[in-house]
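data.cif, holding mmCIF, C-alpha atoms:
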data_final
#
loop_
_atom_site.label_atom_id
_atom_site.label_comp_id
_atom_site.auth_asym_id
_atom_site.auth_seq_id
_atom_site.Cartn_x
_atom_site.Cartn_y
_atom_site.Cartn_z
CA MET A 1 135.64 -107.02 -75.99
CA GLU A 2 138.48 -106.22 -78.35
CA HIS A 3 137.68 -103.42 -80.76
CA SER A 4 138.56 -103.65 -84.42
CA PRO A 5 137.76 -101.80 -87.64
CA ILE A 6 134.68 -104.03 -87.83
CA ASN A 7 133.73 -103.39 -84.19
CA PRO A 8 135.26 -99.99 -83.35
CA ALA A 9 135.14 -98.51 -79.89
CA PRO A 10 131.93 -96.54 -79.46
CA VAL A 11 132.07 -92.75 -79.56
CA ILE A 12 131.61 -91.34 -76.07
CA ASN A 13 128.79 -88.81 -76.22
CA GLY A 14 128.22 -85.90 -73.84
CA LEU A 15 125.31 -86.39 -71.42
CA SER A 16 124.07 -83.30 -69.61
CA VAL A 17 121.26 -82.16 -67.33
CA ASP A 18 120.25 -78.49 -67.13
CA VAL A 19 119.26 -78.25 -63.48
CA GLU A 20 116.42 -75.81 -63.00
CA ASP A 21 112.97 -76.13 -61.44
CA TRP A 22 109.65 -76.23 -63.29
CA PHE A 23 108.98 -72.51 -62.83
CA GLN A 24 112.40 -71.28 -64.00
CA VAL A 25 112.09 -72.16 -67.68
CA GLY A 26 112.13 -69.71 -70.58
CA ALA A 27 108.59 -70.70 -71.54
CA PHE A 28 107.23 -69.13 -68.35
CA GLU A 29 109.61 -66.18 -67.93
CA ASN A 30 106.90 -63.64 -68.81
CA VAL A 31 104.29 -65.30 -66.60
CA ILE A 32 106.10 -66.15 -63.34
CA GLU A 33 108.10 -63.39 -61.65
CA ARG A 34 111.48 -64.21 -60.12
CA ASP A 35 110.37 -62.51 -56.91
CA ASP A 36 107.68 -65.20 -56.60
CA TRP A 37 109.99 -68.20 -56.99
CA ASP A 38 110.56 -68.81 -53.29
CA GLY A 39 106.83 -69.10 -52.74
CA LEU A 40 106.43 -71.93 -55.27
CA GLU A 41 106.72 -75.67 -54.76
CA LEU A 42 110.32 -76.83 -55.14
CA ARG A 43 110.48 -80.13 -57.02
CA VAL A 44 113.96 -80.10 -58.51
CA GLU A 45 115.65 -82.11 -55.73
CA ASP A 46 113.35 -85.13 -55.99
CA ASN A 47 113.66 -85.10 -59.77
CA VAL A 48 117.47 -84.91 -59.69
CA LEU A 49 117.59 -87.80 -57.21
CA ARG A 50 115.53 -89.88 -59.66
CA ILE A 51 117.97 -88.97 -62.43
CA LEU A 52 120.95 -89.95 -60.27
CA ASP A 53 119.32 -93.34 -59.68
CA MET A 54 118.71 -93.74 -63.41
CA PHE A 55 122.32 -92.92 -64.26
CA GLU A 56 123.62 -95.26 -61.57
CA ALA A 57 121.50 -98.10 -62.93
CA ALA A 58 122.90 -97.48 -66.42
CA ASP A 59 126.46 -96.95 -65.09
CA VAL A 60 126.89 -93.62 -66.87
CA LYS A 61 128.36 -90.30 -65.79
CA ALA A 62 127.05 -86.90 -66.82
CA THR A 63 127.38 -83.17 -66.31
CA PHE A 64 124.80 -81.27 -64.28
CA PHE A 65 124.68 -77.64 -65.48
CA THR A 66 123.07 -76.11 -62.40
CA LEU A 67 121.60 -72.71 -61.57
CA GLY A 68 123.27 -70.94 -58.68
CA TRP A 69 119.76 -70.20 -57.35
CA VAL A 70 119.11 -73.94 -57.10
CA ALA A 71 122.49 -74.71 -55.53
CA GLN A 72 121.90 -72.02 -52.91
CA ARG A 73 118.81 -73.89 -51.69
CA HIS A 74 119.95 -77.48 -52.23
CA GLY A 75 123.56 -77.67 -51.04
CA PRO A 76 123.43 -81.36 -50.00
CA LEU A 77 122.10 -82.25 -53.46
CA MET A 78 125.14 -80.60 -55.06
CA ARG A 79 127.40 -82.78 -52.93
CA LYS A 80 125.44 -85.91 -53.90
CA ILE A 81 125.94 -85.11 -57.59
CA VAL A 82 129.69 -84.78 -57.14
CA GLU A 83 130.01 -87.78 -54.80
CA ALA A 84 128.27 -89.93 -57.42
CA GLY A 85 131.07 -89.11 -59.87
CA HIS A 86 129.27 -86.57 -62.02
CA GLU A 87 130.49 -83.12 -63.04
CA LEU A 88 128.87 -80.04 -61.54
CA ALA A 89 128.95 -77.06 -63.92
CA SER A 90 127.38 -73.61 -64.11
CA HIS A 91 124.08 -72.66 -65.71
CA GLY A 92 124.29 -69.07 -64.49
CA TYR A 93 122.56 -67.79 -61.39
CA ASP A 94 118.83 -67.44 -62.15
CA HIS A 95 118.31 -68.39 -65.81
CA ALA A 96 118.60 -64.89 -67.25
CA ARG A 97 119.64 -65.13 -70.87
CA VAL A 98 123.11 -63.86 -71.75
CA PHE A 99 121.89 -61.30 -74.29
CA THR A 100 119.86 -59.57 -71.54
CA PHE A 101 123.15 -58.62 -69.81
CA ASP A 102 125.95 -56.25 -70.60
CA ARG A 103 129.45 -57.63 -70.08
CA LYS A 104 129.77 -56.35 -66.51
CA GLU A 105 126.43 -57.89 -65.52
CA PHE A 106 127.33 -61.18 -67.18
CA ALA A 107 130.68 -61.25 -65.38
CA GLU A 108 128.93 -60.88 -62.03
CA ASP A 109 126.31 -63.52 -62.90
CA ILE A 110 128.83 -66.23 -63.75
CA ARG A 111 131.11 -65.28 -60.85
CA LYS A 112 128.25 -65.45 -58.36
CA ALA A 113 126.90 -68.74 -59.69
CA ARG A 114 130.31 -70.39 -59.70
CA GLU A 115 131.08 -69.31 -56.15
CA ILE A 116 127.78 -70.74 -54.91
CA LEU A 117 128.26 -74.03 -56.78
CA GLU A 118 131.82 -74.51 -55.54
CA ASP A 119 130.95 -73.61 -51.96
CA ALA A 120 127.98 -76.00 -51.98
CA SER A 121 129.77 -78.95 -53.58
CA GLY A 122 133.42 -78.58 -52.66
CA ALA A 123 134.27 -79.21 -56.33
CA LYS A 124 135.91 -76.93 -58.88
CA VAL A 125 133.59 -75.68 -61.63
CA THR A 126 135.17 -75.39 -65.10
CA GLY A 127 132.17 -75.65 -67.44
CA TYR A 128 129.33 -73.30 -68.33
CA ARG A 129 126.07 -73.51 -70.26
CA ALA A 130 124.11 -70.36 -70.99
CA PRO A 131 120.40 -70.44 -70.12
CA SER A 132 118.40 -71.17 -73.28
CA PHE A 133 121.65 -71.50 -75.30
CA SER A 134 121.79 -67.69 -75.31
CA ILE A 135 125.36 -67.06 -76.41
CA ASP A 136 125.12 -65.87 -80.00
CA GLN A 137 126.20 -63.13 -82.40
CA ARG A 138 124.86 -60.46 -80.00
CA THR A 139 127.28 -61.38 -77.21
CA PRO A 140 130.88 -61.32 -78.55
CA TRP A 141 132.11 -60.39 -75.06
CA ALA A 142 130.68 -63.49 -73.36
CA TYR A 143 133.53 -65.79 -74.37
CA MET A 144 136.10 -63.18 -73.37
CA GLU A 145 134.59 -63.04 -69.90
CA LEU A 146 134.39 -66.84 -69.58
CA ALA A 147 138.05 -67.13 -70.62
CA GLU A 148 139.18 -64.41 -68.23
CA GLN A 149 137.37 -66.12 -65.36
CA GLY A 150 139.17 -69.37 -66.13
CA TYR A 151 136.43 -71.56 -67.58
CA ALA A 152 137.74 -74.46 -69.66
CA TYR A 153 134.69 -74.91 -71.86
CA SER A 154 131.22 -73.69 -72.70
CA SER A 155 128.29 -75.61 -74.17
CA SER A 156 126.07 -72.63 -74.85
CA VAL A 157 125.33 -72.61 -78.56
CA ALA A 158 122.51 -74.14 -80.58
CA PRO A 159 123.77 -73.81 -84.18
CA VAL A 160 120.28 -73.60 -85.71
CA ALA A 161 117.61 -71.03 -86.42
CA HIS A 162 114.83 -71.26 -83.83
CA ASP A 163 112.20 -68.88 -82.51
CA HIS A 164 113.46 -69.22 -78.93
CA TYR A 165 117.23 -69.39 -79.43
CA GLY A 166 119.92 -70.22 -81.96
CA TRP A 167 123.10 -69.04 -83.69
CA ARG A 168 122.66 -70.25 -87.23
CA GLU A 169 126.17 -69.33 -88.42
CA ALA A 170 128.03 -71.15 -85.64
CA PRO A 171 129.92 -74.38 -86.40
CA ARG A 172 128.15 -77.65 -85.64
CA PHE A 173 131.04 -79.11 -83.65
CA ALA A 174 133.54 -77.91 -81.04
CA PHE A 175 135.36 -74.70 -81.87
CA LYS A 176 137.65 -72.14 -80.26
CA PRO A 177 135.80 -68.83 -80.12
CA LEU A 178 138.91 -66.82 -79.16
CA PRO A 179 142.27 -67.05 -80.97
CA TRP A 180 144.16 -66.21 -77.76
CA SER A 181 142.45 -68.68 -75.42
CA ASP A 182 142.17 -72.45 -75.00
CA LEU A 183 138.47 -72.07 -74.11
CA ILE A 184 136.33 -74.24 -76.36
CA GLU A 185 132.66 -74.11 -77.23
CA ILE A 186 130.85 -77.42 -77.66
CA PRO A 187 127.51 -76.78 -79.41
CA VAL A 188 124.46 -78.90 -78.74
CA THR A 189 123.92 -81.55 -81.40
CA THR A 190 122.39 -80.97 -84.80
CA ALA A 191 121.92 -83.53 -87.56
CA MET A 192 121.72 -83.05 -91.32
CA LEU A 193 118.44 -83.82 -93.05
CA GLY A 194 117.94 -83.00 -96.71
CA GLY A 195 120.93 -80.64 -96.61
CA LYS A 196 119.49 -78.72 -93.66
CA ARG A 197 120.51 -78.62 -90.03
CA VAL A 198 117.93 -79.95 -87.61
CA ALA A 199 118.03 -79.68 -83.83
CA ALA A 200 118.68 -83.13 -82.35
CA GLY A 201 120.31 -82.55 -78.98
CA GLY A 202 117.53 -83.40 -76.59
CA GLY A 203 115.13 -81.35 -74.50
CA GLY A 204 111.74 -80.79 -76.05
CA PHE A 205 112.79 -82.29 -79.38
CA PHE A 206 113.62 -85.59 -77.69
CA ARG A 207 110.47 -85.53 -75.58
CA VAL A 208 108.06 -84.73 -78.42
CA LEU A 209 109.54 -86.58 -81.40
CA PRO A 210 109.70 -90.38 -81.74
CA TYR A 211 112.71 -92.04 -80.12
CA ALA A 212 113.76 -93.32 -83.54
CA PHE A 213 114.59 -89.74 -84.59
CA SER A 214 117.12 -89.29 -81.79
CA ARG A 215 118.62 -92.71 -82.45
CA TRP A 216 119.05 -91.82 -86.13
CA ALA A 217 120.56 -88.40 -85.33
CA ILE A 218 123.08 -89.69 -82.79
CA ARG A 219 124.12 -92.51 -85.09
CA GLN A 220 124.60 -90.04 -87.93
CA VAL A 221 126.86 -87.83 -85.82
CA ASN A 222 128.80 -90.79 -84.37
CA ARG A 223 129.20 -92.85 -87.54
CA GLU A 224 129.26 -90.35 -90.40
CA GLU A 225 130.95 -87.45 -88.63
CA GLN A 226 132.92 -89.53 -86.11
CA ARG A 227 132.07 -86.95 -83.45
CA PRO A 228 130.24 -87.11 -80.13
CA ALA A 229 126.64 -86.08 -79.78
CA ILE A 230 125.80 -83.52 -77.09
CA PHE A 231 122.52 -84.33 -75.37
CA TYR A 232 120.66 -82.39 -72.69
CA PHE A 233 117.41 -82.51 -70.75
CA HIS A 234 115.86 -80.95 -67.64
CA PRO A 235 114.76 -82.52 -64.34
CA TRP A 236 111.21 -81.17 -64.73
CA GLU A 237 110.86 -83.17 -67.98
CA ILE A 238 110.54 -86.42 -65.99
CA ASP A 239 107.92 -84.92 -63.66
CA PRO A 240 104.38 -85.27 -65.07
CA ASP A 241 102.86 -84.28 -61.70
CA GLN A 242 104.38 -80.80 -61.64
CA PRO A 243 102.01 -77.81 -61.18
CA ARG A 244 100.39 -76.36 -64.31
CA VAL A 245 100.73 -72.69 -65.29
CA PRO A 246 97.36 -71.77 -66.79
CA GLY A 247 98.32 -68.19 -67.65
CA ALA A 248 101.12 -69.21 -70.01
CA PRO A 249 100.65 -68.92 -73.79
CA ILE A 250 99.26 -72.07 -75.41
CA LYS A 251 102.46 -72.57 -77.43
CA SER A 252 104.55 -72.48 -74.25
CA ARG A 253 102.24 -74.91 -72.48
CA LEU A 254 102.34 -77.34 -75.39
CA ARG A 255 106.14 -77.23 -75.47
CA HIS A 256 106.47 -77.67 -71.74
CA TYR A 257 103.89 -80.34 -70.93
CA THR A 258 103.79 -82.61 -73.99
CA ASN A 259 104.89 -86.21 -73.33
CA LEU A 260 106.12 -85.69 -69.76
CA THR A 261 104.91 -89.21 -68.91
CA LYS A 262 107.01 -90.68 -71.73
CA MET A 263 110.27 -88.91 -70.97
CA ALA A 264 111.76 -91.16 -68.26
CA PRO A 265 111.29 -94.42 -70.22
CA LYS A 266 112.80 -92.80 -73.33
CA LEU A 267 115.77 -91.58 -71.30
CA ARG A 268 116.38 -95.04 -69.87
CA GLU A 269 116.45 -96.43 -73.40
CA LEU A 270 118.80 -93.68 -74.58
CA VAL A 271 121.35 -94.01 -71.78
CA GLY A 272 121.37 -97.76 -72.27
CA GLU A 273 121.83 -97.71 -76.02
CA PHE A 274 124.74 -95.29 -76.45
CA ALA A 275 128.03 -94.58 -74.68
CA TRP A 276 127.99 -91.47 -72.47
CA GLY A 277 130.36 -89.38 -70.42
CA ARG A 278 130.88 -86.08 -68.63
CA MET A 279 131.25 -82.88 -70.60
CA ASP A 280 134.58 -81.95 -69.04
CA MET A 281 136.09 -85.26 -70.14
CA LEU A 282 134.65 -84.83 -73.61
CA ALA A 283 135.92 -81.23 -73.76
CA HIS A 284 139.44 -82.46 -73.09
CA ARG A 285 139.23 -84.83 -76.07
CA GLU A 286 137.43 -82.36 -78.34
CA ALA A 287 140.03 -79.64 -77.73
CA ALA A 288 142.40 -81.39 -80.13
CA LEU A 289 139.78 -81.25 -82.90
CA ALA A 290 138.38 -77.78 -82.23
CA GLY A 291 139.20 -75.25 -84.91
CA ASP A 292 138.89 -71.48 -84.77
CA PHE A 293 135.45 -70.03 -85.40
CA VAL A 294 135.20 -69.56 -89.14
CA LYS A 295 131.70 -68.76 -90.38
CA GLU A 296 130.40 -71.61 -92.42
CA GLU A 297 127.34 -71.94 -94.59
CA ALA A 298 124.59 -73.19 -92.33
CA GLY A 299 121.93 -75.43 -93.78
#
As structure tokens, the full file:
Amino acid sequence: MEHSPINPAPVINGLSVDVEDWFQVGAFENVIERDDWDGLELRVEDNVLRILDMFEAADVKATFFTLGWVAQRHGPLMRKIVEAGHELASHGYDHARVFTFDRKEFAEDIRKAREILEDASGAKVTGYRAPSFSIDQRTPWAYMELAEQGYAYSSSVAPVAHDHYGWREAPRFAFKPLPWSDLIEIPVTTAMLGGKRVAAGGGGFFRVLPYAFSRWAIRQVNREEQRPAIFYFHPWEIDPDQPRVPGAPIKSRLRHYTNLTKMAPKLRELVGEFAWGRMDMLAHREAALAGDFVKEEAG
């Protein structure tokens, strides 16, 4: 189909999967000890295989931001992701948030995770997403370390105020956090509602809120801003049969378990309705539009 001003080419949005198992999430970090992880049921491989089938059926490519801990135990799965034409990128080693590290510890975490991912997949890793979007005003050294280790892009910022994460002052769209580096940050999507920023990039918001909200938000970003939306979700979100964690706080359980049965059908609708691509490809295009980080008034 020929595109015209009446029927312009669709904006290619960034589709991403944060690959971690059901017990590795921030909601349970104070309930399940890391030392106990290897004794728990591993479900991430089956869930990722279902996602790969879903993406193949929709003919879309995506980026799988994967924990080094997962890659260490599922090497063949890493190769399947890459062989299917998707990007494999780093989610750190074991889901520790960036602001819990000092710079030296962070440097070792991203080095270790990248080495494991590349060894497992045979593919070069150039992208990074911080666990729980935990790059913020407390970690000015994180971008310096990512740049020095040769990463091309990060997608580690949620430019909103939230009780679990967020960097309210960050720009909504791609920016260069360092004046001396080509590294770009691509924040997860927010939309504007009543002059205020609202989180609209996926995960729990997509799972809990009506599908119409995400459709509206992505259309707003694509049509009004002429920018790509950045969407993410987790493999455990399509797994309603996963074990329950009774000792977790009620708020955490509500966030984690609500609408698990509805997630896969909503995802199929989403990947079929909009145009999607890998984050590394999107980063290449966004680099031309990314400005320096200048604090802006956040709604």
Care to translate the PyMOL selection byres ((chain A and resi 185-194) around 9) into actual residues of this file, as JSON, numbers by chain? {"A": [133, 143, 153, 154, 155, 156, 157, 158, 159, 160, 170, 171, 172, 173, 174, 175, 176, 177, 183, 184, 195, 196, 197, 198, 199, 200, 201, 202, 216, 217, 218, 220, 221, 228, 229, 230, 231, 232, 279, 283, 286, 290, 299]}
Give me the residues within 9 Å of A:Met144 as a ChimeraX atom specification, counting only C-alpha atoms and dropping any in the same chain fewer than 5 places off. /A:149,177-178,181
Given only C-alpha atoms as the basis, pick out the residue of A:Ile135, A:Ile12, A:Ala142, A:Leu254 nearest to A:Asp102.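 Comparing A:Ile135, A:Ile12, A:Ala142, A:Leu254 against A:Asp102, the winner is A:Ala142.
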I'd like the contact shell of A:Arg219 - 10 Å cut-off, only C-alpha atoms, skipping same-chain residues fewer than 3 positions apart - returned as a list in words.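 Contacts, in chain order: Val11, Ala191, Phe213, Ser214, Arg215, Trp216, Asn222, Arg223, Glu224, Glu225, Gln226, Arg227, Pro228, Ala229 and Phe274 of chain A.
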Mind writing the picked residues with C-alpha atoms as a PDB file, keeping the file's coordinate frame?
ATOM      1  CA  VAL A  11     132.070 -92.750 -79.560  1.00  0.00           C
ATOM      2  CA  ALA A 191     121.920 -83.530 -87.560  1.00  0.00           C
ATOM      3  CA  PHE A 213     114.590 -89.740 -84.590  1.00  0.00           C
ATOM      4  CA  SER A 214     117.120 -89.290 -81.790  1.00  0.00           C
ATOM      5  CA  ARG A 215     118.620 -92.710 -82.450  1.00  0.00           C
ATOM      6  CA  TRP A 216     119.050 -91.820 -86.130  1.00  0.00           C
ATOM      7  CA  ASN A 222     128.800 -90.790 -84.370  1.00  0.00           C
ATOM      8  CA  ARG A 223     129.200 -92.850 -87.540  1.00  0.00           C
ATOM      9  CA  GLU A 224     129.260 -90.350 -90.400  1.00  0.00           C
ATOM     10  CA  GLU A 225     130.950 -87.450 -88.630  1.00  0.00           C
ATOM     11  CA  GLN A 226     132.920 -89.530 -86.110  1.00  0.00           C
ATOM     12  CA  ARG A 227     132.070 -86.950 -83.450  1.00  0.00           C
ATOM     13  CA  PRO A 228     130.240 -87.110 -80.130  1.00  0.00           C
ATOM     14  CA  ALA A 229     126.640 -86.080 -79.780  1.00  0.00           C
ATOM     15  CA  PHE A 274     124.740 -95.290 -76.450  1.00  0.00           C
TER      16      PHE A 274
END
For this file, the PyMOL selection byres ((chain A and resi 91) around 6) selects which residues, as a list of chain:residue names?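 This file, filtered by the PyMOL selection byres ((chain A and resi 91) around 6), leaves A:Phe65, A:Thr66, A:Leu67, A:Ser90, A:Gly92, A:Tyr128, A:Arg129, A:Ala130.
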Requested write-out: C-alpha atoms of the selected residues, as a PDB file, in the coordinates of the input:
ATOM      1  CA  PHE A  65     124.680 -77.640 -65.480  1.00  0.00           C
ATOM      2  CA  THR A  66     123.070 -76.110 -62.400  1.00  0.00           C
ATOM      3  CA  LEU A  67     121.600 -72.710 -61.570  1.00  0.00           C
ATOM      4  CA  SER A  90     127.380 -73.610 -64.110  1.00  0.00           C
ATOM      5  CA  GLY A  92     124.290 -69.070 -64.490  1.00  0.00           C
ATOM      6  CA  TYR A 128     129.330 -73.300 -68.330  1.00  0.00           C
ATOM      7  CA  ARG A 129     126.070 -73.510 -70.260  1.00  0.00           C
ATOM      8  CA  ALA A 130     124.110 -70.360 -70.990  1.00  0.00           C
TER       9      ALA A 130
END
Name every residue that the PyMOL selection byres ((chain A and resi 97) around 7) selects in this structure, writing the answer as an NGL selection string with chains first and numbers rising. :A and (95-96 or 98-100 or 130-132 or 134)
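Straight-line separation from atom CA of A:Phe106 to atom CA of A:Tyr165: 17.9 Å.
The spacing separating atom CA of A:Gly14 from atom CA of A:Ala120 amounts to 24.0 Å.
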Wanna dump the stretch 33-124 of chain A-stretch 21-24 of chain A contacts at 9 Å for me, each residue with its shortest atom pair and the distance in Å to one decimal, counting all atoms listed in the file, ordered by chain and number, as a tab-separated table?
residue	atom	partner	partner_atom	distance
A:Arg34	CA	A:Gln24	CA	8.1
A:Trp37	CA	A:Phe23	CA	7.3
A:Leu40	CA	A:Phe23	CA	8.0
A:Glu41	CA	A:Phe23	CA	9.0
A:Leu42	CA	A:Asp21	CA	6.9
A:Arg43	CA	A:Asp21	CA	6.5
A:Val44	CA	A:Asp21	CA	5.0
A:Glu45	CA	A:Asp21	CA	8.7
A:Val70	CA	A:Asp21	CA	7.8
A:Asp94	CA	A:Gln24	CA	7.7
A:His95	CA	A:Gln24	CA	6.8
Pick the closest to A:Glu87 from A:Val125, A:Leu146, A:Leu49, A:Leu270: which is it, counting all atoms listed in the file?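 Using all atoms listed in the file, A:Glu87 sits closest to A:Val125.
When atom CA of A:Arg285 is paired with atom CA of A:Gly150, their separation reads 18.4 Å.
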I'd like to know which of A:Tyr151, A:Tyr93, A:Trp167, A:Ala161 is closest to A:Asp136, using all atoms listed in the file.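 Nearest to A:Asp136: A:Trp167.
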A:Gly85 surroundings by all atoms listed in the file, 10 Å radius, close-in-sequence under 2 positions cut, as a ChimeraX atom specification: /A:56,60-63,80-83,87-88,278
Restricting it to C-alpha atoms, dump the selection as an mmCIF file, keeping the file's coordinate frame.
data_model
loop_
_atom_site.group_PDB
_atom_site.id
_atom_site.type_symbol
_atom_site.label_atom_id
_atom_site.label_comp_id
_atom_site.auth_asym_id
_atom_site.auth_seq_id
_atom_site.Cartn_x
_atom_site.Cartn_y
_atom_site.Cartn_z
ATOM 1 C CA GLU A 56 123.620 -95.260 -61.570
ATOM 2 C CA VAL A 60 126.890 -93.620 -66.870
ATOM 3 C CA LYS A 61 128.360 -90.300 -65.790
ATOM 4 C CA ALA A 62 127.050 -86.900 -66.820
ATOM 5 C CA THR A 63 127.380 -83.170 -66.310
ATOM 6 C CA LYS A 80 125.440 -85.910 -53.900
ATOM 7 C CA ILE A 81 125.940 -85.110 -57.590
ATOM 8 C CA VAL A 82 129.690 -84.780 -57.140
ATOM 9 C CA GLU A 83 130.010 -87.780 -54.800
ATOM 10 C CA GLU A 87 130.490 -83.120 -63.040
ATOM 11 C CA LEU A 88 128.870 -80.040 -61.540
ATOM 12 C CA ARG A 278 130.880 -86.080 -68.630
#
Shell of 6 Å around stretch 259-261 of chain A, all atoms listed in the file, local chain residues under 4 positions omitted, as a ChimeraX atom specification: /A:237-238,240
Closest to A:Ala107 among A:Gly127, A:Ala147, A:Met78, A:Val208, using all atoms listed in the file?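 Counting all atoms listed in the file, the residue closest to A:Ala107 is A:Ala147.
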Considering only C-alpha atoms, state which residue in the set A:Asp38, A:Glu169, A:Glu115, A:Glu29 is at the smallest distance from A:Ala71.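 Among the listed residues, A:Glu115 lies closest to A:Ala71.
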Residue nearest A:Arg103 - candidates A:Tyr211, A:Phe28, A:Phe206, A:Trp141, atoms counted: all atoms listed in the file: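 Closest to A:Arg103 of all the choices is A:Trp141.
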Atoms are missing here; could stretch 30-42 of chain A be completed with N, CA and C atoms and written as a PDB file, in the frame of the given file?
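Final output, saved to selection-v3.pdb:
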ATOM      1  N   ASN A  30     107.754 -64.826 -68.782  1.00  0.00           N
ATOM      2  CA  ASN A  30     106.900 -63.640 -68.810  1.00  0.00           C
ATOM      3  C   ASN A  30     105.612 -63.828 -68.020  1.00  0.00           C
ATOM      4  N   VAL A  31     105.496 -64.987 -67.349  1.00  0.00           N
ATOM      5  CA  VAL A  31     104.290 -65.300 -66.600  1.00  0.00           C
ATOM      6  C   VAL A  31     104.565 -65.398 -65.104  1.00  0.00           C
ATOM      7  N   ILE A  32     105.727 -65.969 -64.746  1.00  0.00           N
ATOM      8  CA  ILE A  32     106.100 -66.150 -63.340  1.00  0.00           C
ATOM      9  C   ILE A  32     107.268 -65.222 -63.013  1.00  0.00           C
ATOM     10  N   GLU A  33     107.064 -64.349 -62.047  1.00  0.00           N
ATOM     11  CA  GLU A  33     108.100 -63.390 -61.650  1.00  0.00           C
ATOM     12  C   GLU A  33     109.160 -64.062 -60.786  1.00  0.00           C
ATOM     13  N   ARG A  34     110.408 -63.665 -60.956  1.00  0.00           N
ATOM     14  CA  ARG A  34     111.480 -64.210 -60.120  1.00  0.00           C
ATOM     15  C   ARG A  34     111.234 -63.955 -58.640  1.00  0.00           C
ATOM     16  N   ASP A  35     110.640 -62.822 -58.319  1.00  0.00           N
ATOM     17  CA  ASP A  35     110.370 -62.510 -56.910  1.00  0.00           C
ATOM     18  C   ASP A  35     109.394 -63.505 -56.283  1.00  0.00           C
ATOM     19  N   ASP A  36     108.658 -64.234 -57.105  1.00  0.00           N
ATOM     20  CA  ASP A  36     107.680 -65.200 -56.600  1.00  0.00           C
ATOM     21  C   ASP A  36     108.236 -66.614 -56.476  1.00  0.00           C
ATOM     22  N   TRP A  37     109.461 -66.855 -56.948  1.00  0.00           N
ATOM     23  CA  TRP A  37     109.990 -68.200 -56.990  1.00  0.00           C
ATOM     24  C   TRP A  37     110.012 -68.891 -55.630  1.00  0.00           C
ATOM     25  N   ASP A  38     110.428 -68.163 -54.600  1.00  0.00           N
ATOM     26  CA  ASP A  38     110.560 -68.810 -53.290  1.00  0.00           C
ATOM     27  C   ASP A  38     109.228 -69.207 -52.684  1.00  0.00           C
ATOM     28  N   GLY A  39     108.134 -68.711 -53.237  1.00  0.00           N
ATOM     29  CA  GLY A  39     106.830 -69.100 -52.740  1.00  0.00           C
ATOM     30  C   GLY A  39     106.218 -70.276 -53.477  1.00  0.00           C
ATOM     31  N   LEU A  40     106.941 -70.824 -54.457  1.00  0.00           N
ATOM     32  CA  LEU A  40     106.430 -71.930 -55.270  1.00  0.00           C
ATOM     33  C   LEU A  40     106.983 -73.272 -54.780  1.00  0.00           C
ATOM     34  N   GLU A  41     106.313 -74.317 -55.169  1.00  0.00           N
ATOM     35  CA  GLU A  41     106.720 -75.670 -54.760  1.00  0.00           C
ATOM     36  C   GLU A  41     108.045 -76.040 -55.421  1.00  0.00           C
ATOM     37  N   LEU A  42     109.017 -76.410 -54.623  1.00  0.00           N
ATOM     38  CA  LEU A  42     110.320 -76.830 -55.140  1.00  0.00           C
ATOM     39  C   LEU A  42     110.293 -78.331 -55.406  1.00  0.00           C
TER      40      LEU A  42
END
